[in-house]
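Have a look at query_6.cif; it's mmCIF, C-alpha atoms:
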data_my_file
#
loop_
_atom_site.label_atom_id
_atom_site.label_comp_id
_atom_site.auth_asym_id
_atom_site.auth_seq_id
_atom_site.Cartn_x
_atom_site.Cartn_y
_atom_site.Cartn_z
CA ARG A 1 132.09 48.16 205.63
CA HIS A 2 128.86 50.14 205.27
CA ALA A 3 130.81 53.34 205.77
CA ASP A 4 133.27 52.33 203.11
CA HIS A 5 130.41 51.55 200.74
CA LEU A 6 128.79 54.96 201.41
CA VAL A 7 132.04 56.78 200.85
CA GLY A 8 132.60 54.82 197.67
CA SER A 9 129.14 55.62 196.38
CA LEU A 10 129.62 59.30 197.12
CA ALA A 11 132.98 59.26 195.41
CA LYS A 12 131.43 57.55 192.39
CA TRP A 13 128.36 59.83 191.96
CA PHE A 14 129.71 63.17 193.17
CA PRO A 15 131.30 64.14 189.84
CA VAL A 16 128.10 63.24 188.01
CA SER A 17 126.03 65.36 190.40
CA VAL A 18 128.33 68.32 190.07
CA PHE A 19 128.37 67.92 186.30
CA GLY A 20 124.56 67.78 186.23
CA LEU A 21 124.34 70.87 188.39
CA ALA A 22 126.74 72.64 186.06
CA LEU A 23 124.65 71.64 183.06
CA GLY A 24 121.49 72.89 184.77
CA SER A 25 123.11 76.21 185.64
CA ALA A 26 124.40 76.61 182.12
CA ALA A 27 120.96 75.90 180.69
CA LEU A 28 119.42 78.45 183.04
CA LEU A 29 121.97 81.07 182.05
CA LEU A 30 121.43 80.29 178.38
CA PHE A 31 117.66 80.63 178.80
CA GLU A 32 118.07 84.00 180.53
CA TRP A 33 120.45 85.16 177.82
CA LEU A 34 118.03 84.13 175.06
CA ALA A 35 114.96 85.66 176.73
CA PRO A 36 115.29 89.10 175.07
CA TRP A 37 115.76 87.40 171.70
CA ARG A 38 112.65 85.31 172.33
CA HIS A 39 110.69 88.52 172.93
CA ARG A 40 112.14 90.01 169.76
CA VAL A 41 111.14 86.98 167.74
CA LEU A 42 107.60 87.19 169.10
CA ALA A 43 107.49 90.94 168.42
CA ALA A 44 108.75 90.37 164.88
CA ALA A 45 106.03 87.77 164.33
CA ARG A 46 103.38 90.23 165.52
CA GLU A 47 104.81 92.91 163.22
CA ARG A 48 104.68 90.54 160.26
CA GLU A 49 101.03 89.82 160.96
CA LEU A 50 100.33 93.56 161.23
CA VAL A 51 102.08 94.22 157.91
CA ARG A 52 100.13 91.45 156.20
CA ALA A 53 96.86 92.90 157.50
CA ILE A 54 97.74 96.43 156.34
CA VAL A 55 98.83 95.23 152.90
CA ALA A 56 95.65 93.21 152.54
CA ARG A 57 93.52 96.25 153.34
CA TRP A 58 95.45 99.19 151.88
CA GLY A 59 97.96 97.70 149.43
CA ALA A 60 101.74 97.43 149.50
CA ASP A 61 102.32 100.79 147.77
CA THR A 62 100.21 102.65 150.32
CA LEU A 63 102.19 101.09 153.16
CA ARG A 64 105.51 101.80 151.44
CA LEU A 65 104.51 105.42 150.90
CA TYR A 66 103.42 105.78 154.51
CA LEU A 67 106.63 104.33 155.93
CA MET A 68 108.71 106.77 153.89
CA PHE A 69 106.48 109.66 154.95
CA LEU A 70 106.80 108.97 158.69
CA GLY A 71 109.96 111.00 159.17
CA PRO A 72 113.60 111.39 158.11
CA TYR A 73 114.95 108.18 156.58
CA GLN A 74 117.88 108.01 159.01
CA GLU A 75 115.63 108.45 162.07
CA GLY A 76 112.40 106.70 161.21
CA GLY A 77 109.17 107.72 162.90
CA ASP A 78 106.31 106.73 165.15
CA PHE A 79 104.28 104.11 163.30
CA ARG A 80 100.56 104.54 163.73
CA ASP A 81 98.42 102.59 161.32
CA GLN A 82 95.65 105.21 161.57
CA GLY A 83 97.80 107.67 159.62
CA ILE A 84 97.91 105.46 156.55
CA VAL A 85 94.52 106.78 155.42
CA GLY A 86 96.12 110.04 154.29
CA GLN A 87 98.53 108.22 151.98
CA ARG A 88 95.68 106.24 150.44
CA ARG A 89 93.75 109.45 149.78
CA PHE A 90 96.80 110.96 148.14
CA LEU A 91 97.08 108.02 145.73
CA GLU A 92 93.35 108.24 145.00
CA ARG A 93 93.74 111.93 144.10
CA VAL A 94 96.60 111.10 141.77
CA PHE A 95 94.47 108.41 140.13
CA GLU A 96 91.64 110.91 139.60
CA LEU A 97 94.06 113.32 137.93
CA VAL A 98 95.31 110.53 135.67
CA HIS A 99 91.73 109.89 134.54
CA ALA A 100 91.21 113.62 133.91
CA ALA A 101 94.46 114.05 131.94
CA ALA A 102 94.06 115.26 128.38
CA PRO A 103 96.79 116.15 125.86
CA GLY A 104 96.89 119.80 124.93
CA ALA A 105 94.63 121.01 127.77
CA ALA A 106 95.32 124.40 129.30
CA GLN A 107 98.31 124.74 131.60
CA PRO A 108 97.64 127.50 134.16
CA ALA A 109 100.74 129.55 134.96
CA GLY A 110 100.47 128.73 138.66
CA ALA A 111 100.29 124.98 138.00
CA LEU A 112 103.22 125.11 135.58
CA ARG A 113 105.33 127.02 138.10
CA LYS A 114 104.40 124.55 140.83
CA LEU A 115 105.36 121.63 138.61
CA HIS A 116 108.86 122.98 138.02
CA GLN A 117 109.24 123.80 141.73
CA THR A 118 108.10 120.27 142.61
CA VAL A 119 110.54 118.63 140.18
CA ARG A 120 113.36 120.73 141.63
CA GLY A 121 112.39 119.97 145.23
CA VAL A 122 111.75 116.23 144.80
CA THR A 123 114.99 115.78 142.84
CA ASP A 124 117.02 117.48 145.58
CA ASP A 125 115.21 115.62 148.37
CA LEU A 126 115.75 112.20 146.80
CA ALA A 127 119.46 112.89 146.43
CA ASP A 128 119.64 113.58 150.18
CA LEU A 129 117.32 110.71 151.19
CA ARG A 130 114.68 113.18 152.40
CA TYR A 131 111.82 110.95 151.30
CA ASN A 132 109.27 112.43 153.68
CA THR A 133 109.73 115.99 152.41
CA ALA A 134 109.75 114.78 148.79
CA ILE A 135 106.35 113.14 149.33
CA ALA A 136 105.08 116.31 151.04
CA LYS A 137 106.03 118.33 147.93
CA LEU A 138 104.17 115.86 145.71
CA MET A 139 101.11 116.25 147.92
CA GLU A 140 101.26 120.03 147.62
CA TYR A 141 101.41 119.76 143.85
CA VAL A 142 98.46 117.36 143.71
CA ASN A 143 96.44 119.61 146.02
CA LEU A 144 97.07 122.57 143.71
CA LEU A 145 95.99 120.59 140.64
CA LYS A 146 92.84 119.40 142.44
CA LYS A 147 92.10 122.96 143.47
CA GLU A 148 92.05 123.90 139.79
CA GLY A 149 89.03 121.60 139.46
CA PRO A 150 89.87 118.61 137.25
CA GLY A 151 88.88 115.09 138.09
CA ARG A 152 86.41 115.87 140.85
CA PRO A 153 84.26 112.79 141.42
CA GLY A 154 80.57 113.48 141.10
CA GLY A 155 81.07 116.85 139.44
CA GLU A 156 81.55 118.06 135.90
CA ARG A 157 84.40 116.35 134.15
CA GLY A 158 87.31 118.73 134.12
CA GLU A 159 90.50 118.31 132.19
CA VAL A 160 94.07 118.78 133.24
CA ALA A 161 96.98 118.92 130.82
CA ARG A 162 98.66 115.56 130.50
CA GLU A 163 101.92 117.48 130.37
CA LEU A 164 101.31 118.27 134.04
CA ILE A 165 100.46 114.67 134.98
CA ASP A 166 103.14 112.62 133.24
CA PRO A 167 105.97 114.12 135.35
CA LEU A 168 103.88 113.60 138.49
CA VAL A 169 103.51 109.86 137.85
CA VAL A 170 107.26 109.51 137.17
CA MET A 171 108.04 111.22 140.50
CA VAL A 172 105.53 109.03 142.36
CA ALA A 173 107.10 105.84 140.93
CA PRO A 174 110.00 105.51 143.44
CA PHE A 175 107.52 105.58 146.32
CA ALA A 176 104.59 103.62 144.84
CA PRO A 177 106.01 101.59 141.92
CA HIS A 178 103.04 99.29 141.22
CA PHE A 179 100.55 102.14 141.41
CA ALA A 180 102.70 104.35 139.16
CA GLU A 181 103.03 101.56 136.61
CA GLU A 182 99.25 101.26 136.40
CA CYS A 183 98.84 105.05 136.04
CA TRP A 184 101.54 105.18 133.37
CA GLU A 185 99.76 102.54 131.31
CA ARG A 186 96.44 104.35 131.65
CA LEU A 187 98.12 107.49 130.33
CA GLY A 188 98.80 105.57 127.12
CA HIS A 189 102.47 104.71 127.49
CA ALA A 190 103.60 101.35 126.13
CA GLU A 191 106.90 101.16 128.02
CA SER A 192 107.42 100.92 131.77
CA VAL A 193 107.36 104.07 133.86
CA PHE A 194 110.87 103.13 134.96
CA ALA A 195 112.03 103.43 131.36
CA ALA A 196 110.88 107.07 131.30
CA ARG A 197 113.32 109.91 131.76
CA TRP A 198 113.28 111.71 135.07
CA PRO A 199 111.60 115.13 134.61
CA THR A 200 113.74 118.26 134.46
CA TYR A 201 112.90 121.79 135.56
CA ASP A 202 113.51 125.27 134.24
CA PRO A 203 114.98 127.51 136.98
CA ALA A 204 113.20 130.51 135.50
CA LEU A 205 109.84 128.75 135.62
CA ALA A 206 110.57 127.41 139.11
CA ALA A 207 111.21 130.91 140.48
CA GLU A 208 108.61 132.27 142.86
CA GLU A 209 106.28 134.93 141.52
CA LEU A 210 107.58 138.29 142.70
CA ILE A 211 105.57 140.66 144.86
CA GLU A 212 105.93 144.40 145.34
CA LEU A 213 107.27 145.70 148.64
CA VAL A 214 106.60 149.32 149.56
CA VAL A 215 109.65 151.06 151.03
CA GLN A 216 109.07 153.92 153.45
CA VAL A 217 111.55 156.27 155.06
CA ASN A 218 110.23 157.73 158.31
CA GLY A 219 106.74 156.63 157.33
CA ARG A 220 106.72 158.22 153.88
CA VAL A 221 106.73 156.15 150.70
CA ARG A 222 110.08 156.56 148.95
CA GLY A 223 110.19 153.54 146.66
CA ARG A 224 108.99 150.12 145.69
CA VAL A 225 111.00 146.91 145.17
CA LEU A 226 110.18 143.48 143.78
CA ALA A 227 110.85 140.51 146.06
CA PRO A 228 109.88 136.84 146.38
CA PRO A 229 107.05 136.23 148.84
CA GLY A 230 108.00 135.30 152.39
CA LEU A 231 111.35 137.10 152.24
CA PRO A 232 113.10 137.15 155.67
CA GLU A 233 113.33 140.54 157.38
CA ALA A 234 117.10 140.92 157.05
CA GLU A 235 116.98 140.29 153.31
CA ALA A 236 113.98 142.57 152.84
CA VAL A 237 115.70 145.45 154.66
CA SER A 238 118.88 144.91 152.68
CA LEU A 239 116.90 144.95 149.43
CA ALA A 240 115.12 148.14 150.44
CA ARG A 241 118.35 149.91 151.40
CA GLY A 242 119.92 148.94 148.10
CA ASP A 243 117.21 150.50 145.96
CA GLY A 244 118.56 153.48 144.02
CA THR A 245 115.58 155.72 144.73
CA VAL A 246 115.58 154.95 148.45
CA ARG A 247 119.33 155.55 148.80
CA LYS A 248 118.85 159.23 148.02
CA PHE A 249 116.89 159.59 151.25
CA ILE A 250 119.15 157.54 153.54
CA ASP A 251 122.72 158.22 152.31
CA GLY A 252 124.81 159.75 155.05
CA LYS A 253 122.12 159.14 157.65
CA LYS A 254 121.91 156.59 160.44
CA ILE A 255 119.00 154.15 160.45
CA ARG A 256 117.67 153.80 163.99
CA LYS A 257 115.42 150.81 163.24
CA ALA A 258 113.59 149.04 160.45
CA VAL A 259 109.97 147.96 160.60
CA TYR A 260 109.07 145.05 158.33
CA VAL A 261 105.55 143.93 157.52
CA ARG A 262 106.01 140.64 155.67
CA ASP A 263 105.12 140.78 151.99
CA ARG A 264 103.88 144.38 152.32
CA LEU A 265 106.36 147.05 153.33
CA VAL A 266 109.68 148.06 154.86
CA ASN A 267 109.83 151.27 156.89
CA LEU A 268 113.31 152.66 157.57
CA VAL A 269 113.28 154.93 160.63
CA LEU A 270 116.18 157.41 160.70
CA GLU A 271 117.92 158.96 163.69
CA ALA A 272 116.69 162.49 164.39
CA GLU A 273 119.11 165.16 163.12
#
Would you write the structure of this file as structure tokens?
Amino acid sequence: RHADHLVGSLAKWFPVSVFGLALGSAALLLFEWLAPWRHRVLAAARERELVRAIVARWGADTLRLYLMFLGPYQEGGDFRDQGIVGQRRFLERVFELVHAAAPGAAQPAGALRKLHQTVRGVTDDLADLRYNTAIAKLMEYVNLLKKEGPGRPGGERGEVARELIDPLVVMVAPFAPHFAEECWERLGHAESVFAARWPTYDPALAAEELIELVVQVNGRVRGRVLAPPGLPEAEAVSLARGDGTVRKFIDGKKIRKAVYVRDRLVNLVLEAE
């Protein structure tokens, strides 16, 4: 009788035990499966706190600018919050130029050329999502304007043509919209910066200033050609060989080698006759 009772009890509770074991195993598997997600949630929470702290200290536009400057948009970059200082300094320089802007002030030829080159470069970079290189071009332009002297804190008040600053603020707007809106208002515009037309460039004004390359044949000066600075060797040699004056000395002769000194000269060495 006791044996029958034991067998009956086992028969009654065995399915429940197995079912409970199955539930426990399933819960364990579910916990293991969710573990990576739990870590991601915690990591995301830490990132949110980091972002809030950076925005509180540096501002949302500075952070936005920094994230787009890290690297190619499709690849991202290595986030280091120490590097954000450079973006803040860039915006501060822009703000100083805005304060120094004056209608009708002188427009140095170098600054005007750099403006048109910057408009061309930033326009092309934005079309290809190259935000980091677009921002780098804006920084180069701002550095050139600051080198001219206007807006230096603590020094004599210089002036920079507003015609050089308005396009700068419009190009900064996609990267730092709130900052650009403030600058645009300070420049005296009633409408939003996003209602302004995107700046255009003149290809002739955007062209690099030409330099003079001396062309030698066997070490003797035989001509001079105009070329853009930084011309690659192959293009410089081709330009030298195509010069009408130089051709008189090399036609029908074999060039053994070409020696190129960047931005200075091309020496065509002929085979000995």
If the PyMOL selection byres ((chain A and resi 216-233) around 7) were run on this exact file, what residues would it hold? Put them as a PyMOL selection string.
chain A and resi 208-215+234-237+240+245-246+260+262-263+266-270
Got time to write the residues from that selection, C-alpha atoms, as a short mmCIF file (atom, residue, chain, number, x, y, z; two decimals), in the coordinates of the input?
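Result file follows (selection-v3.cif):
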data_model
loop_
_atom_site.label_atom_id
_atom_site.label_comp_id
_atom_site.auth_asym_id
_atom_site.auth_seq_id
_atom_site.Cartn_x
_atom_site.Cartn_y
_atom_site.Cartn_z
CA GLU A 208 108.61 132.27 142.86
CA GLU A 209 106.28 134.93 141.52
CA LEU A 210 107.58 138.29 142.70
CA ILE A 211 105.57 140.66 144.86
CA GLU A 212 105.93 144.40 145.34
CA LEU A 213 107.27 145.70 148.64
CA VAL A 214 106.60 149.32 149.56
CA VAL A 215 109.65 151.06 151.03
CA ALA A 234 117.10 140.92 157.05
CA GLU A 235 116.98 140.29 153.31
CA ALA A 236 113.98 142.57 152.84
CA VAL A 237 115.70 145.45 154.66
CA ALA A 240 115.12 148.14 150.44
CA THR A 245 115.58 155.72 144.73
CA VAL A 246 115.58 154.95 148.45
CA TYR A 260 109.07 145.05 158.33
CA ARG A 262 106.01 140.64 155.67
CA ASP A 263 105.12 140.78 151.99
CA VAL A 266 109.68 148.06 154.86
CA ASN A 267 109.83 151.27 156.89
CA LEU A 268 113.31 152.66 157.57
CA VAL A 269 113.28 154.93 160.63
CA LEU A 270 116.18 157.41 160.70
#
For this file, the PyMOL selection byres ((chain A and resi 103-114) around 12) selects which residues, as number ranges by chain?
A: 98-102, 115-122, 137-150, 158-168, 187-188, 201-209
For the residues selected in the previous step, produce a file with C-alpha atoms as a CSV table (one decimal), in the coordinates of the input.
chain,number,residue,atom,x,y,z
A,98,VAL,CA,95.3,110.5,135.7
A,99,HIS,CA,91.7,109.9,134.5
A,100,ALA,CA,91.2,113.6,133.9
A,101,ALA,CA,94.5,114.0,131.9
A,102,ALA,CA,94.1,115.3,128.4
A,115,LEU,CA,105.4,121.6,138.6
A,116,HIS,CA,108.9,123.0,138.0
A,117,GLN,CA,109.2,123.8,141.7
A,118,THR,CA,108.1,120.3,142.6
A,119,VAL,CA,110.5,118.6,140.2
A,120,ARG,CA,113.4,120.7,141.6
A,121,GLY,CA,112.4,120.0,145.2
A,122,VAL,CA,111.8,116.2,144.8
A,137,LYS,CA,106.0,118.3,147.9
A,138,LEU,CA,104.2,115.9,145.7
A,139,MET,CA,101.1,116.2,147.9
A,140,GLU,CA,101.3,120.0,147.6
A,141,TYR,CA,101.4,119.8,143.8
A,142,VAL,CA,98.5,117.4,143.7
A,143,ASN,CA,96.4,119.6,146.0
A,144,LEU,CA,97.1,122.6,143.7
A,145,LEU,CA,96.0,120.6,140.6
A,146,LYS,CA,92.8,119.4,142.4
A,147,LYS,CA,92.1,123.0,143.5
A,148,GLU,CA,92.0,123.9,139.8
A,149,GLY,CA,89.0,121.6,139.5
A,150,PRO,CA,89.9,118.6,137.2
A,158,GLY,CA,87.3,118.7,134.1
A,159,GLU,CA,90.5,118.3,132.2
A,160,VAL,CA,94.1,118.8,133.2
A,161,ALA,CA,97.0,118.9,130.8
A,162,ARG,CA,98.7,115.6,130.5
A,163,GLU,CA,101.9,117.5,130.4
A,164,LEU,CA,101.3,118.3,134.0
A,165,ILE,CA,100.5,114.7,135.0
A,166,ASP,CA,103.1,112.6,133.2
A,167,PRO,CA,106.0,114.1,135.4
A,168,LEU,CA,103.9,113.6,138.5
A,187,LEU,CA,98.1,107.5,130.3
A,188,GLY,CA,98.8,105.6,127.1
A,201,TYR,CA,112.9,121.8,135.6
A,202,ASP,CA,113.5,125.3,134.2
A,203,PRO,CA,115.0,127.5,137.0
A,204,ALA,CA,113.2,130.5,135.5
A,205,LEU,CA,109.8,128.8,135.6
A,206,ALA,CA,110.6,127.4,139.1
A,207,ALA,CA,111.2,130.9,140.5
A,208,GLU,CA,108.6,132.3,142.9
A,209,GLU,CA,106.3,134.9,141.5
Using CA of Gln82 in chain A and CA of Phe179 in chain A as the two end points, give the distance in Å to one decimal.
21.0 Å
Between CA of Leu126 in chain A and CA of Phe69 in chain A, what is the distance, to one decimal in Å?
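Spanning CA of Leu126 in chain A to CA of Phe69 in chain A is a straight-line distance of 12.6 Å.
Taking CA of Tyr131 in chain A as the reference point, CA of Ala60 in chain A is found at 17.0 Å.
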Within 12 Å of (112.3, 108.4, 134.9) (coordinates as in the file), grab all the protein and nucleic acid residues, counting only C-alpha atoms, and write them out as a PyMOL selection string.
chain A and resi 119+123+166-174+177+180-181+184+191-200
Edge lengths and centre in Å to one decimal, as lines of an AutoDock Vina configuration file, is what I'm after for the box along x, y and z that holds all listed atoms of range 170-173 of chain A once 8 Å is added on each side.
center_x = 106.8
center_y = 108.5
center_z = 139.8
size_x = 18.5
size_y = 21.4
size_z = 21.2
Compare A:Gly86, A:Gly59, A:Phe95, A:Leu67 by their minimum atom-to-atom distance to Glu182 in chain A, counting only C-alpha atoms, and give me the closest one.
A:Phe95
Measuring atom to atom with only C-alpha atoms, identify which of A:Leu239, A:Leu91, A:Cys183, A:Leu129 is nearest to Glu75 in chain A.
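Using only C-alpha atoms, Glu75 in chain A sits closest to A:Leu129.
Closest approach to Gly252 in chain A from the set A:Phe90, A:Glu271, A:Ser238, A:Thr133 is made by A:Glu271, with distances taken over only C-alpha atoms.
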